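Okay, entry_32.txt now, which holds compact mmCIF, C-alpha atoms and all ligand atoms:
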# COMPACT_ATOMS: atom_id res chain seq x y z
CA MET A 1 22.24 7.81 -11.36
CA PRO A 2 22.45 4.52 -13.22
CA ASP A 3 25.40 2.51 -14.15
CA VAL A 4 25.80 3.21 -17.78
CA SER A 5 28.08 1.32 -20.04
CA ARG A 6 30.91 3.21 -21.57
CA ARG A 7 30.89 2.87 -25.28
CA ARG A 8 32.73 4.91 -27.85
CA PHE A 9 32.51 8.52 -26.72
CA LEU A 10 32.62 10.46 -29.99
CA THR A 11 35.84 9.18 -31.50
CA GLY A 12 38.27 8.00 -28.94
CA SER A 13 37.94 10.70 -26.30
CA SER A 14 39.05 9.47 -22.90
CA ALA A 15 36.71 8.23 -20.23
CA LEU A 16 35.84 10.30 -17.22
CA ALA A 17 37.75 8.28 -14.66
CA GLY A 18 35.44 6.17 -12.55
CA ALA A 19 32.31 7.98 -13.65
CA ALA A 20 29.30 6.40 -15.25
CA VAL A 21 29.66 7.55 -18.81
CA ILE A 22 27.26 7.36 -21.66
CA GLY A 23 28.19 6.16 -25.07
CA VAL A 24 27.39 8.04 -28.22
CA ASN A 25 27.67 5.92 -31.31
CA GLY A 26 30.08 7.50 -33.73
CA ALA A 27 27.96 6.41 -36.65
CA ALA A 28 25.54 9.20 -35.86
CA PHE A 29 28.19 11.70 -36.85
CA GLY A 30 29.62 10.03 -39.92
CA ALA A 31 28.44 9.16 -43.37
CA LEU A 32 26.99 5.81 -42.28
CA ALA A 33 23.27 5.27 -41.90
CA PRO A 34 22.07 6.53 -38.53
CA PRO A 35 21.44 3.94 -35.83
CA ALA A 36 17.94 2.52 -35.79
CA PHE A 37 17.31 3.67 -32.22
CA ASP A 38 17.74 7.02 -30.50
CA LEU A 39 18.10 5.22 -27.17
CA VAL A 40 18.50 1.60 -26.12
CA ILE A 41 18.02 0.55 -22.50
CA ARG A 42 20.12 -2.55 -22.28
CA GLY A 43 19.92 -5.76 -20.31
CA GLY A 44 17.36 -4.83 -17.65
CA GLU A 45 14.63 -7.07 -16.31
CA VAL A 46 11.54 -5.76 -18.07
CA ILE A 47 8.27 -5.98 -16.14
CA ASP A 48 5.24 -5.05 -18.22
CA PRO A 49 2.03 -6.32 -16.58
CA SER A 50 -0.01 -4.99 -19.52
CA GLN A 51 1.29 -7.90 -21.61
CA GLY A 52 2.29 -10.34 -18.88
CA LEU A 53 5.95 -9.80 -19.72
CA ARG A 54 8.79 -10.35 -17.28
CA GLY A 55 12.27 -11.08 -18.53
CA ILE A 56 15.64 -9.70 -19.59
CA ARG A 57 15.14 -7.44 -22.60
CA ASP A 58 16.69 -4.57 -24.49
CA VAL A 59 14.25 -1.71 -25.06
CA GLY A 60 14.77 0.39 -28.19
CA ILE A 61 13.22 3.85 -28.53
CA ARG A 62 12.95 5.86 -31.73
CA PHE A 63 11.15 9.15 -32.39
CA GLY A 64 9.89 9.21 -28.80
CA GLN A 65 8.17 5.83 -29.00
CA ILE A 66 8.94 2.27 -27.98
CA ALA A 67 10.24 0.73 -31.21
CA ALA A 68 11.51 -2.68 -30.06
CA VAL A 69 11.54 -4.88 -26.98
CA GLU A 70 13.90 -7.74 -27.81
CA PRO A 71 16.16 -10.23 -26.03
CA SER A 72 19.06 -8.37 -27.63
CA ILE A 73 19.50 -5.29 -29.81
CA ASP A 74 22.73 -4.84 -31.78
CA PRO A 75 24.76 -2.17 -29.92
CA SER A 76 25.67 -0.49 -33.21
CA GLN A 77 21.98 0.34 -33.64
CA ALA A 78 21.90 2.55 -30.54
CA LYS A 79 22.69 6.26 -30.79
CA LEU A 80 22.64 6.38 -26.98
CA ALA A 81 22.57 3.54 -24.48
CA ILE A 82 21.81 3.06 -20.83
CA ASP A 83 23.05 -0.08 -19.13
CA ALA A 84 20.20 -1.40 -16.98
CA LYS A 85 21.80 -4.71 -16.05
CA GLY A 86 20.65 -5.81 -12.61
CA LYS A 87 17.83 -3.24 -12.66
CA LEU A 88 14.10 -3.39 -13.31
CA VAL A 89 12.70 -1.67 -16.39
CA THR A 90 9.03 -0.68 -16.42
CA SER A 91 6.79 1.59 -18.38
CA GLY A 92 7.09 5.11 -16.96
CA LEU A 93 5.36 5.21 -13.59
CA VAL A 94 1.99 6.97 -13.46
CA ASP A 95 1.05 8.68 -10.20
CA MET A 96 -2.71 9.16 -9.92
CA HIS A 97 -2.55 11.58 -6.99
CA THR A 98 0.07 14.32 -6.72
CA HIS A 99 0.35 18.02 -5.92
CA ILE A 100 2.43 19.74 -8.54
CA TYR A 101 1.35 23.38 -8.68
CA PRO A 102 4.02 25.41 -6.93
CA TYR A 103 3.46 29.19 -7.03
CA GLY A 104 -0.29 28.72 -7.49
CA SER A 105 -1.19 26.37 -4.65
CA ALA A 106 0.63 26.43 -1.35
CA ILE A 107 1.91 22.85 -1.26
CA GLY A 108 2.89 21.92 -4.80
CA ILE A 109 6.28 20.64 -5.98
CA PRO A 110 7.48 21.06 -9.60
CA PRO A 111 6.96 17.62 -11.14
CA ASP A 112 10.31 17.52 -12.92
CA GLU A 113 12.05 18.11 -9.58
CA LEU A 114 10.38 14.99 -8.20
CA VAL A 115 11.70 12.76 -10.95
CA PRO A 116 15.04 11.71 -9.35
CA PHE A 117 13.08 10.37 -6.36
CA SER A 118 9.84 9.34 -8.04
CA ALA A 119 10.95 7.76 -11.35
CA THR A 120 7.53 8.94 -12.46
CA THR A 121 6.76 10.20 -15.95
CA THR A 122 3.03 10.98 -15.57
CA TYR A 123 1.59 13.05 -12.73
CA VAL A 124 -2.08 13.67 -12.01
CA SER A 125 -2.67 16.92 -10.16
CA ALA A 126 -5.34 16.13 -7.58
CA GLY A 127 -7.21 19.41 -7.40
CA ASP A 128 -4.29 21.82 -7.03
CA ALA A 129 -6.09 24.31 -9.22
CA GLY A 130 -9.71 25.38 -9.35
CA ALA A 131 -11.54 27.39 -12.00
CA ASN A 132 -9.87 30.67 -10.97
CA ASN A 133 -6.26 29.51 -11.19
CA PHE A 134 -6.42 26.62 -13.66
CA ALA A 135 -5.21 28.72 -16.60
CA GLY A 136 -2.09 29.56 -14.59
CA PHE A 137 -1.54 25.85 -13.93
CA LYS A 138 -1.83 25.12 -17.62
CA ARG A 139 0.52 27.87 -18.72
CA GLU A 140 3.11 27.73 -15.96
CA ILE A 141 3.24 24.06 -15.02
CA VAL A 142 1.86 21.90 -17.81
CA ALA A 143 3.51 23.88 -20.60
CA HIS A 144 6.88 24.08 -18.83
CA SER A 145 7.17 20.52 -17.59
CA ARG A 146 8.82 17.62 -19.35
CA SER A 147 6.74 15.35 -17.16
CA ARG A 148 3.37 14.32 -18.54
CA VAL A 149 0.61 16.06 -16.59
CA PHE A 150 -3.15 15.55 -16.14
CA ALA A 151 -5.45 17.15 -13.60
CA PHE A 152 -8.62 17.11 -11.60
CA VAL A 153 -10.13 20.58 -11.26
CA ASN A 154 -10.89 21.40 -7.65
CA ILE A 155 -14.60 22.02 -7.09
CA SER A 156 -13.42 25.07 -5.12
CA SER A 157 -12.54 27.90 -7.49
CA ILE A 158 -9.39 28.69 -5.46
CA GLY A 159 -7.96 25.15 -5.60
CA LEU A 160 -5.40 24.67 -2.82
CA ALA A 161 -4.26 28.30 -2.84
CA GLY A 162 -5.71 28.81 0.63
CA PHE A 163 -3.80 25.95 2.31
CA PRO A 164 -3.99 25.25 5.24
CA VAL A 165 -7.45 26.88 5.28
CA GLY A 166 -10.04 24.48 3.84
CA GLU A 167 -11.05 25.38 0.29
CA THR A 168 -14.74 24.60 0.82
CA LEU A 169 -15.29 26.08 4.30
CA ASN A 170 -17.00 28.82 2.34
CA ILE A 171 -19.43 26.93 0.11
CA ASP A 172 -19.61 29.84 -2.31
CA TYR A 173 -16.18 28.84 -3.63
CA ALA A 174 -17.74 25.57 -4.83
CA ASP A 175 -19.03 27.15 -8.02
CA VAL A 176 -20.54 24.39 -10.18
CA GLU A 177 -20.78 26.44 -13.36
CA ALA A 178 -17.17 27.67 -13.18
CA ALA A 179 -15.81 24.16 -12.52
CA ALA A 180 -17.97 22.67 -15.30
CA ARG A 181 -16.64 25.25 -17.76
CA THR A 182 -13.00 24.54 -16.83
CA ILE A 183 -13.54 20.78 -17.19
CA ALA A 184 -15.28 21.17 -20.55
CA GLU A 185 -12.67 23.55 -21.94
CA ASN A 186 -9.72 21.26 -21.19
CA PRO A 187 -10.70 17.74 -22.25
CA ASP A 188 -7.14 16.77 -23.18
CA LEU A 189 -5.86 17.58 -19.71
CA VAL A 190 -8.72 17.38 -17.23
CA LEU A 191 -10.02 14.07 -15.89
CA GLY A 192 -12.82 15.49 -13.73
CA SER A 193 -13.35 17.27 -10.44
CA LYS A 194 -11.57 16.88 -7.09
CA VAL A 195 -13.18 17.39 -3.73
CA ARG A 196 -11.77 16.98 -0.22
CA GLU A 197 -14.34 15.69 2.24
CA THR A 198 -12.74 16.12 5.64
CA LEU A 199 -14.61 17.76 8.50
CA SER A 200 -11.96 20.41 9.10
CA LEU A 201 -11.98 21.37 5.40
CA VAL A 202 -15.73 21.46 4.73
CA GLY A 203 -17.02 22.52 8.17
CA ALA A 204 -20.80 22.69 8.31
CA ASN A 205 -21.08 22.11 4.55
CA GLY A 206 -21.01 18.32 4.96
CA ILE A 207 -21.16 16.51 1.64
CA GLU A 208 -22.47 19.51 -0.29
CA PRO A 209 -19.04 20.08 -1.92
CA LEU A 210 -19.07 16.44 -3.15
CA LYS A 211 -22.58 16.84 -4.54
CA ARG A 212 -21.42 19.96 -6.37
CA ALA A 213 -18.39 18.12 -7.77
CA VAL A 214 -20.75 15.48 -9.21
CA GLN A 215 -22.94 18.25 -10.66
CA ALA A 216 -19.90 19.95 -12.19
CA VAL A 217 -18.68 16.87 -14.09
CA GLU A 218 -22.23 16.13 -15.24
CA ARG A 219 -22.85 19.73 -16.33
CA SER A 220 -19.51 19.76 -18.19
CA GLY A 221 -20.91 17.28 -20.71
CA THR A 222 -17.73 15.22 -20.44
CA LYS A 223 -17.44 11.74 -18.98
CA GLY A 224 -15.40 13.31 -16.18
CA ARG A 225 -14.86 11.51 -12.91
CA VAL A 226 -15.04 12.79 -9.38
CA MET A 227 -12.00 12.14 -7.23
CA CYS A 228 -13.12 12.30 -3.62
CA HIS A 229 -10.65 12.57 -0.75
CA ILE A 230 -11.85 11.14 2.53
CA GLY A 231 -10.41 11.68 5.99
CA ASP A 232 -12.29 12.39 9.18
CA ALA A 233 -15.69 12.35 7.48
CA PRO A 234 -18.17 15.18 8.04
CA GLY A 235 -20.97 13.02 9.42
CA ASP A 236 -21.95 9.63 8.04
CA LEU A 237 -19.18 8.22 5.85
CA SER A 238 -21.61 5.73 4.29
CA ALA A 239 -23.83 8.54 2.96
CA LEU A 240 -20.76 10.19 1.50
CA VAL A 241 -19.59 7.00 -0.20
CA ASP A 242 -23.11 6.29 -1.54
CA THR A 243 -22.86 9.56 -3.52
CA LEU A 244 -19.97 8.24 -5.64
CA ARG A 245 -20.84 6.93 -9.08
CA PRO A 246 -19.25 4.03 -11.01
CA GLY A 247 -15.89 5.27 -12.34
CA ASP A 248 -15.49 7.89 -9.64
CA ILE A 249 -12.37 7.60 -7.50
CA LEU A 250 -12.17 7.39 -3.74
CA THR A 251 -8.75 8.34 -2.42
CA HIS A 252 -7.20 7.71 1.04
CA PRO A 253 -9.00 4.40 1.77
CA TYR A 254 -6.32 3.30 4.23
CA SER A 255 -6.30 6.39 6.41
CA ALA A 256 -6.77 6.05 10.16
CA LEU A 257 -7.98 9.58 10.67
CA GLY A 258 -11.20 9.65 12.71
CA ASN A 259 -14.46 8.41 11.22
CA ASN A 260 -13.01 6.23 8.50
CA THR A 261 -13.20 3.15 6.30
CA VAL A 262 -12.47 0.48 8.91
CA GLN A 263 -14.48 0.78 12.09
CA ASN A 264 -14.11 -1.75 14.94
CA GLY A 265 -12.03 -3.92 12.65
CA LYS A 266 -14.70 -4.05 9.92
CA VAL A 267 -14.77 -2.31 6.55
CA LEU A 268 -17.93 -0.23 6.22
CA PRO A 269 -20.35 -2.14 3.97
CA ALA A 270 -20.95 1.03 1.92
CA LEU A 271 -17.34 0.90 0.75
CA LEU A 272 -17.56 -2.71 -0.39
CA GLU A 273 -20.83 -1.84 -2.17
CA ALA A 274 -19.11 1.12 -3.83
CA LYS A 275 -16.30 -1.10 -5.03
CA LYS A 276 -18.85 -3.55 -6.40
CA ARG A 277 -20.58 -0.86 -8.45
CA GLY A 278 -17.27 0.29 -9.98
CA VAL A 279 -16.00 3.06 -7.73
CA LEU A 280 -12.21 3.03 -8.07
CA ILE A 281 -9.92 2.94 -5.04
CA ASP A 282 -6.76 5.06 -5.04
CA VAL A 283 -4.21 4.79 -2.23
CA GLY A 284 -3.15 8.46 -1.87
CA HIS A 285 -0.47 7.91 0.81
CA GLY A 286 0.27 11.57 1.60
CA ALA A 287 1.29 12.96 4.95
CA GLY A 288 -1.36 11.18 7.00
CA SER A 289 -3.38 8.75 4.91
CA PHE A 290 -1.58 5.42 4.99
CA ASN A 291 -1.86 3.11 7.99
CA TYR A 292 -0.56 -0.46 7.75
CA ASP A 293 -3.16 -1.93 10.12
CA ILE A 294 -6.04 -0.30 8.25
CA ALA A 295 -4.60 -1.22 4.86
CA GLU A 296 -4.13 -4.83 5.87
CA GLN A 297 -7.63 -5.23 7.31
CA ALA A 298 -9.22 -3.37 4.39
CA ILE A 299 -7.44 -5.40 1.72
CA GLN A 300 -8.18 -8.69 3.49
CA GLN A 301 -11.87 -7.79 3.62
CA GLY A 302 -12.04 -6.84 -0.06
CA LEU A 303 -11.36 -3.11 -0.10
CA THR A 304 -8.49 -3.62 -2.53
CA PHE A 305 -6.80 -0.81 -4.43
CA ASP A 306 -6.96 -0.02 -8.12
CA THR A 307 -4.11 2.48 -8.12
CA ILE A 308 -1.18 3.07 -5.77
CA SER A 309 -0.40 6.78 -5.63
CA SER A 310 1.87 8.97 -3.56
CA ASP A 311 -0.17 12.09 -2.77
CA ILE A 312 3.21 13.77 -2.69
CA HIS A 313 3.27 17.42 -1.66
CA VAL A 314 5.53 19.74 0.30
CA VAL A 315 4.29 18.64 3.73
CA ALA A 316 4.20 14.92 2.89
CA GLY A 317 7.62 15.01 1.26
CA ASN A 318 9.15 16.21 4.53
CA THR A 319 7.69 13.42 6.67
CA PRO A 320 9.67 10.31 7.72
CA SER A 321 7.18 8.12 5.84
CA ARG A 322 8.64 9.59 2.60
CA PRO A 323 5.80 9.14 0.14
CA TYR A 324 7.81 9.14 -3.07
CA LEU A 325 6.15 6.65 -5.38
CA PRO A 326 8.82 3.87 -5.42
CA TRP A 327 8.97 4.01 -1.61
CA VAL A 328 5.15 3.82 -1.41
CA LEU A 329 5.17 0.84 -3.79
CA SER A 330 7.75 -0.79 -1.51
CA LYS A 331 5.27 -0.65 1.38
CA PHE A 332 2.84 -2.77 -0.63
CA LEU A 333 5.63 -5.26 -1.30
CA ALA A 334 6.09 -5.35 2.49
CA LEU A 335 2.36 -6.15 2.80
CA GLY A 336 2.95 -9.18 0.60
CA ILE A 337 1.51 -7.85 -2.67
CA PRO A 338 3.38 -9.39 -5.65
CA LEU A 339 5.77 -7.13 -7.54
CA GLU A 340 3.86 -7.37 -10.85
CA GLN A 341 0.63 -6.31 -9.16
CA VAL A 342 2.35 -3.39 -7.46
CA ILE A 343 3.86 -2.22 -10.76
CA ALA A 344 0.50 -2.59 -12.53
CA ALA A 345 -1.10 -0.30 -9.94
CA ALA A 346 1.36 2.44 -10.90
CA THR A 347 1.47 1.90 -14.67
CA ILE A 348 -1.28 0.27 -16.72
CA LYS A 349 -4.05 0.73 -14.14
CA PRO A 350 -3.80 4.51 -13.70
CA ALA A 351 -2.94 4.95 -17.39
CA SER A 352 -6.14 3.23 -18.46
CA ILE A 353 -8.15 5.38 -16.04
CA ILE A 354 -6.55 8.50 -17.56
CA ASN A 355 -7.34 7.06 -21.01
CA ARG A 356 -5.93 10.00 -22.97
CA VAL A 357 -2.77 8.58 -24.58
CA PRO A 358 -2.74 5.31 -26.59
CA LYS A 359 -0.60 2.62 -24.94
CA LEU A 360 0.39 4.83 -22.00
CA GLY A 361 1.39 2.59 -19.11
CA THR A 362 2.76 -0.14 -21.37
CA LEU A 363 6.03 -1.01 -23.10
CA GLN A 364 4.35 -2.28 -26.24
CA VAL A 365 5.78 -1.22 -29.56
CA GLY A 366 4.20 2.13 -30.43
CA ALA A 367 3.77 3.16 -26.79
CA PRO A 368 5.17 6.49 -25.62
CA GLY A 369 8.88 6.20 -24.87
CA ASP A 370 8.28 6.63 -21.15
CA VAL A 371 10.44 4.27 -19.08
CA SER A 372 11.32 3.92 -15.41
CA ILE A 373 14.51 2.17 -14.37
CA LEU A 374 14.30 0.98 -10.79
CA GLU A 375 16.52 -1.00 -8.51
CA LEU A 376 14.98 -3.66 -6.31
CA VAL A 377 17.33 -3.32 -3.36
CA GLU A 378 17.39 -6.44 -1.20
CA GLY A 379 16.41 -5.76 2.41
CA PRO A 380 15.67 -6.05 5.20
CA VAL A 381 14.34 -2.50 5.13
CA GLU A 382 12.23 -0.56 7.59
CA LEU A 383 9.33 1.32 5.98
CA LEU A 384 7.21 3.71 8.05
CA ASP A 385 3.51 4.40 7.60
CA THR A 386 2.05 7.85 8.28
CA ALA A 387 1.67 7.01 11.97
CA ASN A 388 5.44 6.36 11.88
CA LYS A 389 4.83 2.68 12.58
CA PRO A 390 7.44 0.49 10.87
CA ARG A 391 7.09 -2.61 8.76
CA THR A 392 10.12 -4.56 7.72
CA GLY A 393 10.22 -5.35 4.04
CA LYS A 394 12.40 -7.87 2.25
CA ALA A 395 13.32 -5.33 -0.45
CA TYR A 396 12.57 -1.82 -1.62
CA LEU A 397 12.30 -0.08 -4.96
CA GLN A 398 14.63 2.80 -5.67
CA ALA A 399 14.52 5.26 -8.56
CA VAL A 400 17.55 4.86 -10.82
CA GLN A 401 16.72 6.71 -14.02
CA THR A 402 13.69 8.02 -15.83
CA VAL A 403 13.04 8.47 -19.54
CA ARG A 404 10.14 10.55 -20.85
CA GLY A 405 9.25 10.42 -24.54
CA GLY A 406 12.62 8.83 -25.29
CA VAL A 407 14.55 11.60 -23.53
CA PRO A 408 16.32 10.72 -20.27
CA PHE A 409 16.17 13.06 -17.31
CA GLY A 410 19.83 13.81 -16.72
CA ARG A 411 22.46 11.89 -18.68
CA PRO A 412 22.77 10.76 -21.39
CA TYR A 413 21.81 13.97 -23.19
CA ASN A 414 20.19 13.58 -26.57
CA LEU A 415 21.29 15.66 -29.53
CA PRO A 416 19.57 17.79 -30.59
CA PHE A 417 18.08 18.24 -27.14
CA SER A 418 14.46 18.26 -28.17
CA VAL A 419 11.56 16.98 -26.14
CA ASN A 420 8.06 16.13 -27.21
ZN ZN B 501 -3.92 14.98 -2.05

Take the structure from the file and write it as structure tokens.
Ligand SMILES: [Zn+2]
Amino acid sequence: MPDVSRRRFLTGSSALAGAAVIGVNGAAFGALAPPAFDLVIRGGEVIDPSQGLRGIRDVGIRFGQIAAVEPSIDPSQAKLAIDAKGKLVTSGLVDMHTHIYPYGSAIGIPPDELVPFSATTTYVSAGDAGANNFAGFKREIVAHSRSRVFAFVNISSIGLAGFPVGETLNIDYADVEAAARTIAENPDLVLGSKVRETLSLVGANGIEPLKRAVQAVERSGTKGRVMCHIGDAPGDLSALVDTLRPGDILTHPYSALGNNTVQNGKVLPALLEAKKRGVLIDVGHGAGSFNYDIAEQAIQQGLTFDTISSDIHVVAGNTPSRPYLPWVLSKFLALGIPLEQVIAAATIKPASIINRVPKLGTLQVGAPGDVSILELVEGPVELLDTANKPRTGKAYLQAVQTVRGGVPFGRPYNLPFSVN
């Protein structure tokens, strides 16, 4: 929890001794005009790569939107306040690759339960649901989560319900028409189709599931993308990569599992070609898909990332490499990537790929009131990759507090407690 400044708590009630206590401005309860802001996040170091902003600012939120980002906001204008002094303040983190369908897929975690560790306000479900269980995802997860949720529909109609059995071992589950219908019927929520192209998951079906995912987004009549997971490729990885279209997303580029992106120290030319034609690169750390040596060689040779994502799920979350998004971002700091670039890859970059909510991923006035408060804890710190190999970083990012649509997770509680 954050340090929060104690301001007047109603009228003169005593402080909780030693606890971080939230102030509620008494003016909200009296005859005076209400404060201009529902919430002010005070004194943090704002980093907003979308507008090249880095500096100490107060952030005022009203009616669920960013209403002011100023060097100082009059404390009397804040109904609630969070003291972010000494912390970083960013637009709410956006995680392009997560697994958030508990009860309907085997490995999902409720997104709101991730928040204390992830400081993430927007989660993209990477194929947890397919055509047969997508309605359940929509009704049980999307509707009941305070977190913002988007999704790729698995090309397999069962999604990840069969875990650990591969969802496209039986190619009949890869029903193009059913996936196309689900994509077309949910344009506000669905970004395209997800496919996992790993030998053990597709068996003899090779890249047929990927081809069907491309057909599904095309048949849907949307501009949907394909998100393609790679691991130990079923056959020629170059042929697989050549199937991806501009705007499609390749996830797990820095995996060291089998037939992969860097072979004999060289990035496969097909991957650099793909990047050149506009295929997007998503990190997707997960339980086994992030190797420092591969990442370093790949990035040096031009296979840079567009988005840094966690690929958090039940199995990954229990590993010592701990792929919660701030911890994953910290690994890129350890690789020497500048802080602003790391933050951009988990805010404005994924938000503009999602492209469903104006100003998502920014702290511009009028943007959604989604804010992450992070602490940059000075190191040295040991950060493990998925082979459990350590790198020592100079600092790491830690979740402090998360605000979604102007409403903090945890304290302070807004009144009335309404969420948008
Ligand atoms: Zn995944």

Could you name the residues that touch Arg277 (chain A) at 6 Å or less, counting all atoms listed in the file, but leaving out those on the same chain fewer than 2 positions away, as a compact mmCIF listing (two decimals) with C-alpha atoms, in the frame of the given file?
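File result-v3.txt, as written:
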# COMPACT_ATOMS: atom_id res chain seq x y z
CA PRO A 246 -19.25 4.03 -11.01
CA ALA A 274 -19.11 1.12 -3.83
CA LYS A 275 -16.30 -1.10 -5.03

Selection near Ala126 (chain A), 6 Å with only C-alpha atoms, sequence-local residues under 2 positions removed, as a list in words:
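Listed by chain and then number, they are His97, Thr98, Asp128 and Phe152 of chain A.
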
Atom-to-atom span, CA of Asp232 (chain A) and CA of Gly258 (chain A), Å
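According to the coordinates, CA of Asp232 (chain A) and CA of Gly258 (chain A) are separated by 4.6 Å.
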
Rank A:Ala213, A:Glu185, A:His313, A:Gly206 by their smallest atom-to-atom distance to Tyr101 (chain A), using all atoms listed in the file, and report the top residue only.
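Of A:Ala213, A:Glu185, A:His313, A:Gly206, the one nearest Tyr101 (chain A) is A:His313, counting all atoms listed in the file.
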
So which residues touch Tyr173 (chain A) within 12 Å, counting all atoms listed in the file, skipping near sequence neighbours fewer than 4 positions away, as a list in words?
Gly130, Ala131, Asn132, Asn154, Ile155, Ser156, Ser157, Ile158, Gly159, Leu160, Ala161, Gly162, Gly166, Glu167, Thr168, Leu169, Glu177, Ala178, Ala179, Val195, Val202, Asn205, Glu208, Pro209, Arg212 and Ala213 of chain A

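Distance check against ligand ZN 501 (chain B) using only C-alpha atoms and all ligand atoms: of A:Phe163, A:Phe37, A:Phe63, A:Tyr292, the minimum falls on A:Phe163.
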
Residues within 12 Å of Asp236 (chain A), please, as a PyMOL selection string. Count all atoms listed in the file; anything in the same chain fewer than 3 positions from it doesn't count.
chain A and resi 197-199+206-207+230-233+239-243+258-261+268+270

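The residue that comes closest to ligand ZN 501 (chain B), out of A:Val342, A:Ala119, A:Ile41, A:Val315 and on the basis of all atoms listed in the file, is A:Val315.
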
When the cut-off is 9 Å and you count only C-alpha atoms and all ligand atoms, which residues lie near ligand ZN 501 (chain B), shown as a ChimeraX atom specification?
/A:97-99,125-128,196,229,251-252,284-287,310-313

Output for the residues just chosen: C-alpha atoms as a PDB file, in the coordinates of the input:
ATOM      1  CA  HIS A  97      -2.550  11.580  -6.990  1.00  0.00           C
ATOM      2  CA  THR A  98       0.070  14.320  -6.720  1.00  0.00           C
ATOM      3  CA  HIS A  99       0.350  18.020  -5.920  1.00  0.00           C
ATOM      4  CA  SER A 125      -2.670  16.920 -10.160  1.00  0.00           C
ATOM      5  CA  ALA A 126      -5.340  16.130  -7.580  1.00  0.00           C
ATOM      6  CA  GLY A 127      -7.210  19.410  -7.400  1.00  0.00           C
ATOM      7  CA  ASP A 128      -4.290  21.820  -7.030  1.00  0.00           C
ATOM      8  CA  ARG A 196     -11.770  16.980  -0.220  1.00  0.00           C
ATOM      9  CA  HIS A 229     -10.650  12.570  -0.750  1.00  0.00           C
ATOM     10  CA  THR A 251      -8.750   8.340  -2.420  1.00  0.00           C
ATOM     11  CA  HIS A 252      -7.200   7.710   1.040  1.00  0.00           C
ATOM     12  CA  GLY A 284      -3.150   8.460  -1.870  1.00  0.00           C
ATOM     13  CA  HIS A 285      -0.470   7.910   0.810  1.00  0.00           C
ATOM     14  CA  GLY A 286       0.270  11.570   1.600  1.00  0.00           C
ATOM     15  CA  ALA A 287       1.290  12.960   4.950  1.00  0.00           C
ATOM     16  CA  SER A 310       1.870   8.970  -3.560  1.00  0.00           C
ATOM     17  CA  ASP A 311      -0.170  12.090  -2.770  1.00  0.00           C
ATOM     18  CA  ILE A 312       3.210  13.770  -2.690  1.00  0.00           C
ATOM     19  CA  HIS A 313       3.270  17.420  -1.660  1.00  0.00           C
TER      20      HIS A 313
END
